[in-house]
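Chemist: The structure's right below; bear with me while I get my questions together.
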Amino acid sequence: MWVYLVRHILRNRLGNLIGIALITAFMVYKAFDVQLSYEFVKMLPASDSTSIKYENFKNQFGEDGSVLFIGIQDKKIYELDEFNDWYDLTYKIKKIDGVEEVVSIAKLYHLIKNSNTKKFDLKTVIDKKPVTQEELDSLIKIILSLPFYDGLLYNKSTDVTLMAITLDKEKLNTKNRVKIIYEIKNTLSEFGKKHNIKVHYSGLPYIRTITSKKVEQEIILFIILALFIASVILYIFFRSFKAVLFTMLIVVISVVWVFGTISLMGYKITMLTGILPPLLIVIVVENCIFLLNKYHSEYRSHGNKVKSLSRVVQRIGNANFLTNTTTAAGFAAFIVTGNKILVEFGLVASINILVAYFLSLFLIPIFFSYLPPPKKRHIKHLDKSLVGKIVDIVVLRVLNNRNIIYIITVICIGFAVFGITKLKTTGNIVDDIPHKDPLYKDLMFLEKHFKGVMPLEISIDTKKKKGVMKLSTIRKIDELQQVLSSYPELSKPLSIAEVIKFSKQAFYNGKESMYSLPNNQEKNFIISYLPKMEGNKKTILNSFVDTNLRITRISTQMANIGTKDIQRIKDDLRPKIDSIFPPEKFDVIITGTSVVFLKGTNYLVDNLMTSLLLALVIISILMALLFTSARMIIISLVPNLIPQLMTAALMGYFNIPIKPSTILIFSIALGISVDNAIHFLSRYRQQLKINDWRIKESVILALRETGFSMIYSSVVLFFGFIIFTLSSFGGTEALGYLIAFTLLIALLSNLFVLPSLILSLDKWITTKTFKEPLLEIFDEEEDIDLNELVIEQIDTRGSA
């Protein structure tokens, strides 16, 4: 197979280049169609019961996360000039395309009893700008006499007022939302600058838009940084501009193919797929390092360029194939989670990792077949270099100090086990936003004054037509509202009960003391004044009840609390709800974005654990194809499970919780870190055949040969992942330093522990099955006949 591949690559190098160039051009064309995702991340599969209930709720009452909240704190808001500017601002924002409704103290509604029609008229409190301060004061007095809005639009005690902007749900999930949000923000900024007021923005539409914009900016930043870091490291290692240039060319092609793949598969760029381009950069560079090291090593041995390039494909191509397959398996394991964003991430990553492997395998030999053979300074890194000295130290310690290596390893495992006991599982809806970010500060501002902006909904099915409008039901709803108000994490609840109280106040001509539930006699009069539910006609009732007056809702907002607190509140509420609404008579569902996030987080953590185990099984099977020996597979996995334990311990010691954005680290790191073990064991078996199965000599020679590439590639991977620590998202930042830490420990483990175990357990693990693999991926002793390999303008000595 590999002999044929050598011939195909080098004999048809021009055709291969043209073919790759044409496909790349097509991928560039498709890459221009790729779009950012602005949708709320769906962590649950559509078939999940919590997801189904939430979708039913949205179909009944509409999207619960389509409101943008604007908060300001200023006593002067009740002074004529500033208030009139706030009034103008409210109506100016209302005219922005994509805005459905705006409610503020300058544009809020109250009910007016119409004695002629025997109905309530819904009218704005302020129908035109006040002219004098006295006129404004009288209007403010009316506004502050409406308890319905207290705690919703204003906080009397802190002089904070809100503007609630309802956005078009159809435009929220498209790129138009960016234009809408920034037009609103720019309009509000003018007001803030004029009156020297800090304007605070929050609400799910704003949070999603800003985070999506940050993803877009970070993709560019990380690609540039990854290219720069990889280029610098490659030059330091190889002292060759050509090695850097052609490796970077392969990197750019691979990145283009990533974007093209996302577009071809009909996906959009999410926070996860956004990290794939810089991730592919370091993986491609790792591949190229192994190929270039082998090329230089072979050329130094015999000085024949064509023979060196052919052996690069034959002897490194197969090991690289397995290492890239195991890395792809680490990502592909996410497909079993059933989560849309992780499935897309896993598919795109695994496909492009394998594509990147073939690109580097084809293009490195082709590019360097056109170039002159390497000079002495280009292969100097194989001799008296810092890395060479490190490899010498490693060899010395493995030969003479294995007991010390084992003692240190046992101590580290003990340290890790204790740290793992400190691990916690939690997550917040905006958990990935750093506390110093303005986005987070604004969220905390609104939490402080209004207790939160994260929707929590309670749907109540009375199981009877017009059951909602029974006074007994309304009283039960009010009783449940009192329960909800007792939780400091929840904002003021809003329901049909508040509408009825509002209606009673209007019935008694706006008297504030009458804001309460009616008695049996008042109820019929007051309800008769309410508008009838007529089709799609918008009324004050539409937002709270269905057309049959059978189902209603209680809406509240939740603070940005963790999943454990959400679960505590949910568990605590259920018996209280059942005591108020007997389950045999009412069907009460707790739902909303907060509850869906809770269930989604738990679901993902469970499924990501499954995917990690699946990745481990797949990687073991892949290694079995090459090594067959179960003992050797176990020994090779031990040094790569130690880093996983150490990383989990690090999370425990530094209070980094297990959550979706951190648990996916383990599958990724396992798939990448096992690469070093595969390269070492592949070369070890080659050396066994060459050295007549002398184990000690074979281990040392394999370690000396692969040690360079292991260190080189690990350095590139370490710095490649460490750039993610610059991310403004906590999850991406954690992915950066945790995977970097895992790979550093994996390097040390594979350099010291793996060779030591093979030497200590030589007779037990180097069995016949290891010598005779189930699948002979290549014949280490087979060389292509150079007389049969004809490459134009190149002879077998490599002179161009």
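Just so we're on the same page: first chain in the structure tokens is A, next is B, and so on; residues restart at 1 for each chain, and ligands are numbered from 1 in the order they show up.
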Mind the document's chain letters and residue numbers, and return as number ranges by chain the residues of stretch 272-455 of chain A that DSSP labels helix (DSSP H, G or I).
Modeler: A: 273-302, 305-337, 340-370, 376-382, 386-400, 402-420, 438-450
Chemist: Can you tell me, as JSON, numbers by chain, what residues are no more than 9 Å from stretch 503-511 of chain A when counting only C-alpha atoms, ignoring any on the same chain fewer than 5 positions away?
Modeler: {"A": [110, 111, 112, 113, 120, 142, 145, 146, 498, 516, 517, 518, 522, 523, 525, 526, 527, 529, 530]}
Chemist: Atom CA of A:Ser620 to atom CA of A:Phe321: how many Å, to one decimal?
Modeler: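 Distance reported for this atom pair: 14.9 Å.
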Chemist: Considering only C-alpha atoms, return as a PyMOL selection string whatever protein or nucleic-acid residues lie within 9 Å of A:Leu188, sequence-local ones (same chain, fewer than 4 positions apart) excluded.
Modeler: chain A and resi 70+89+93+183-184+192-193+199
Chemist: Go ahead and compute the interatomic distance for atom CA of A:Lys42 and atom CA of A:Met265, in Å to one decimal.
Modeler: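 Straight-line distance from atom CA of A:Lys42 to atom CA of A:Met265 works out to 18.4 Å.
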Chemist: Find the residues around stretch 284-288 of chain A up to 6 Å (only C-alpha atoms counted), leave out those fewer than 4 positions away in its own chain, and share them as a ChimeraX atom specification.
Modeler: /A:280,292,713
Chemist: If you take only C-alpha atoms and a cut-off of 12 Å, which residues of stretch 376-483 of chain A touch stretch 570-584 of chain A, and what are their nearest atom pairs and distances in Å to one decimal, in chain and number order, as CSV?
Modeler:
```
residue,atom,partner,partner_atom,distance
A:Leu456,CA,A:Lys570,CA,10.2
A:Glu457,CA,A:Lys570,CA,11.3
A:Ile458,CA,A:Ile577,CA,9.9
A:Ser459,CA,A:Ile577,CA,11.3
A:Ile460,CA,A:Phe581,CA,8.8
A:Asp461,CA,A:Phe581,CA,9.9
A:Thr462,CA,A:Phe581,CA,9.1
A:Lys463,CA,A:Glu584,CA,9.8
A:Ser472,CA,A:Phe581,CA,10.7
A:Thr473,CA,A:Phe581,CA,8.7
A:Ile474,CA,A:Phe581,CA,11.2
A:Arg475,CA,A:Ile580,CA,9.8
A:Lys476,CA,A:Ile580,CA,6.2
A:Ile477,CA,A:Ile580,CA,8.5
A:Asp478,CA,A:Ile580,CA,10.2
A:Glu479,CA,A:Ile580,CA,7.6
A:Leu480,CA,A:Ile577,CA,6.9
A:Gln481,CA,A:Ile577,CA,10.3
A:Gln482,CA,A:Lys576,CA,11.2
A:Val483,CA,A:Lys576,CA,8.0
```
Chemist: Residues within 8 Å of A:Ile745, please, as a PyMOL selection string. Count only C-alpha atoms; anything in the same chain fewer than 5 positions from it doesn't count.
Modeler: chain A and resi 642-643+646
Chemist: Keeping only all heavy atoms, write those residues as a short mmCIF file (atom, residue, chain, number, x, y, z; two decimals), in the first residue's frame.
Modeler:
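Once written, selection.cif looks like this:
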```
data_model
loop_
_atom_site.label_atom_id
_atom_site.label_comp_id
_atom_site.auth_asym_id
_atom_site.auth_seq_id
_atom_site.Cartn_x
_atom_site.Cartn_y
_atom_site.Cartn_z
N ILE A 642 -2.59 8.97 32.78
CA ILE A 642 -2.04 9.76 33.89
C ILE A 642 -2.27 11.26 33.67
O ILE A 642 -2.72 11.96 34.59
CB ILE A 642 -0.53 9.45 34.10
CG1 ILE A 642 -0.35 8.02 34.60
CG2 ILE A 642 0.10 10.45 35.07
CD1 ILE A 642 1.10 7.56 34.65
N PRO A 643 -2.01 11.80 32.47
CA PRO A 643 -2.29 13.23 32.24
C PRO A 643 -3.76 13.58 32.43
O PRO A 643 -4.09 14.68 32.90
CB PRO A 643 -1.86 13.44 30.78
CG PRO A 643 -0.91 12.35 30.49
CD PRO A 643 -1.36 11.18 31.29
N MET A 646 -4.28 13.90 36.10
CA MET A 646 -3.62 15.12 36.60
C MET A 646 -4.44 16.37 36.24
O MET A 646 -4.54 17.30 37.04
CB MET A 646 -2.21 15.22 36.01
CG MET A 646 -1.24 14.16 36.50
SD MET A 646 -0.86 14.35 38.27
CE MET A 646 0.16 15.82 38.21
#
```
Chemist: Just want the 6 Å neighbourhood of stretch 403-418 of chain A, counted on only C-alpha atoms, with same-chain residues fewer than 2 positions away dropped. Output as JSON, numbers by chain.
Modeler: {"A": [401, 420, 421, 645, 646, 649]}
Chemist: Generate a file of the selected residues that holds all heavy atoms, formatted as a JSON list (two decimals), in the first residue's frame.
Modeler:
```json
[["chain", "number", "residue", "atom", "x", "y", "z"],
["A", 401, "ASN", "N", 17.48, 5.24, 36.24],
["A", 401, "ASN", "CA", 16.70, 5.75, 37.38],
["A", 401, "ASN", "C", 15.20, 5.42, 37.25],
["A", 401, "ASN", "O", 14.33, 6.24, 37.56],
["A", 401, "ASN", "CB", 16.87, 7.27, 37.52],
["A", 401, "ASN", "CG", 18.31, 7.69, 37.66],
["A", 401, "ASN", "OD1", 18.88, 8.27, 36.74],
["A", 401, "ASN", "ND2", 18.92, 7.41, 38.81],
["A", 420, "ILE", "N", -9.14, 14.88, 42.46],
["A", 420, "ILE", "CA", -10.39, 14.50, 41.79],
["A", 420, "ILE", "C", -11.56, 14.50, 42.78],
["A", 420, "ILE", "O", -12.70, 14.81, 42.40],
["A", 420, "ILE", "CB", -10.24, 13.13, 41.10],
["A", 420, "ILE", "CG1", -9.31, 13.28, 39.88],
["A", 420, "ILE", "CG2", -11.58, 12.56, 40.66],
["A", 420, "ILE", "CD1", -8.89, 11.97, 39.26],
["A", 421, "THR", "N", -11.28, 14.18, 44.04],
["A", 421, "THR", "CA", -12.35, 14.17, 45.05],
["A", 421, "THR", "C", -12.91, 15.58, 45.29],
["A", 421, "THR", "O", -14.00, 15.73, 45.85],
["A", 421, "THR", "CB", -11.84, 13.60, 46.38],
["A", 421, "THR", "OG1", -10.77, 14.43, 46.89],
["A", 421, "THR", "CG2", -11.33, 12.18, 46.20],
["A", 645, "LEU", "N", -5.83, 12.17, 34.55],
["A", 645, "LEU", "CA", -6.04, 12.23, 35.99],
["A", 645, "LEU", "C", -5.46, 13.52, 36.56],
["A", 645, "LEU", "O", -6.08, 14.17, 37.41],
["A", 645, "LEU", "CB", -5.38, 11.02, 36.67],
["A", 645, "LEU", "CG", -5.96, 9.65, 36.34],
["A", 645, "LEU", "CD1", -5.11, 8.56, 36.99],
["A", 645, "LEU", "CD2", -7.40, 9.55, 36.83],
["A", 646, "MET", "N", -4.28, 13.90, 36.10],
["A", 646, "MET", "CA", -3.62, 15.12, 36.60],
["A", 646, "MET", "C", -4.44, 16.37, 36.24],
["A", 646, "MET", "O", -4.54, 17.30, 37.04],
["A", 646, "MET", "CB", -2.21, 15.22, 36.01],
["A", 646, "MET", "CG", -1.24, 14.16, 36.50],
["A", 646, "MET", "SD", -0.86, 14.35, 38.27],
["A", 646, "MET", "CE", 0.16, 15.82, 38.21],
["A", 649, "ALA", "N", -7.39, 16.55, 38.46],
["A", 649, "ALA", "CA", -6.94, 17.00, 39.78],
["A", 649, "ALA", "C", -6.72, 18.51, 39.79],
["A", 649, "ALA", "O", -7.09, 19.19, 40.76],
["A", 649, "ALA", "CB", -5.65, 16.28, 40.16]]
```
Chemist: Out of stretch 266-501 of chain A, which residues get strand (DSSP E or B) from DSSP, as a PyMOL selection string?
Modeler: chain A and resi 269+425+454-461+490+494-495
Chemist: Kindly indicate which residue among A:Ile500, A:Leu738, A:Ile23, A:Leu68 lies nearest to A:Ser528, using only C-alpha atoms for the distances.
Modeler: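 For A:Ser528, the nearest of the given residues is A:Ile500.
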Chemist: Between A:Ile433, A:Leu80, A:Leu399, A:Val312, which one has atoms that come closest to A:Leu10, using only C-alpha atoms?
Modeler: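 Closest residue, counting only C-alpha atoms: A:Val312.
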Chemist: What is the distance, in Å and to one decimal place, between atom CA of A:Leu423 and atom CA of A:Ile722?
Modeler: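 Interatomic distance, atom CA of A:Leu423 to atom CA of A:Ile722: 22.8 Å.
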Chemist: Find the spatial neighbours of A:Pro205, counting only C-alpha atoms, within a cut-off of 8 Å - ignore same-chain residues fewer than 5 positions away - and output them as a PyMOL selection string.
Modeler: chain A and resi 65-68+172
Chemist: Put those residues in a file: N, CA, C and O atoms, as a PDB file, in the first residue's frame.
Modeler:
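That gives us part_28.pdb:
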```pdb
ATOM      1  N   GLY A  65     -37.127  34.404  25.273  1.00  0.00           N
ATOM      2  CA  GLY A  65     -35.837  35.093  25.350  1.00  0.00           C
ATOM      3  C   GLY A  65     -35.640  36.092  24.225  1.00  0.00           C
ATOM      4  O   GLY A  65     -34.580  36.145  23.613  1.00  0.00           O
ATOM      5  N   SER A  66     -36.675  36.893  23.944  1.00  0.00           N
ATOM      6  CA  SER A  66     -36.596  37.833  22.824  1.00  0.00           C
ATOM      7  C   SER A  66     -36.621  39.291  23.270  1.00  0.00           C
ATOM      8  O   SER A  66     -36.843  40.192  22.467  1.00  0.00           O
ATOM      9  N   VAL A  67     -36.419  39.506  24.583  1.00  0.00           N
ATOM     10  CA  VAL A  67     -36.490  40.872  25.119  1.00  0.00           C
ATOM     11  C   VAL A  67     -35.093  41.375  25.478  1.00  0.00           C
ATOM     12  O   VAL A  67     -34.322  40.692  26.159  1.00  0.00           O
ATOM     13  N   LEU A  68     -34.785  42.571  24.996  1.00  0.00           N
ATOM     14  CA  LEU A  68     -33.531  43.258  25.308  1.00  0.00           C
ATOM     15  C   LEU A  68     -33.817  44.257  26.423  1.00  0.00           C
ATOM     16  O   LEU A  68     -34.739  45.065  26.318  1.00  0.00           O
ATOM     17  N   LEU A 172     -34.159  37.353  14.907  1.00  0.00           N
ATOM     18  CA  LEU A 172     -33.208  37.101  15.989  1.00  0.00           C
ATOM     19  C   LEU A 172     -32.194  36.028  15.636  1.00  0.00           C
ATOM     20  O   LEU A 172     -31.070  36.053  16.119  1.00  0.00           O
TER      21      LEU A 172
END
```
Chemist: Could you check the closest approach to A:Tyr149 for each of A:Leu604, A:Ile335, A:Leu494, A:Met454 and tell me which residue wins, using only C-alpha atoms?
Modeler: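 The answer is A:Leu494, which sits nearest to A:Tyr149.
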Chemist: Identify which of the residues A:Met710, A:Tyr370, A:Leu608, A:Glu134 lies closest to A:Val306, counting only C-alpha atoms when measuring atom-to-atom distances.
Modeler: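 Counting only C-alpha atoms, the residue closest to A:Val306 is A:Tyr370.
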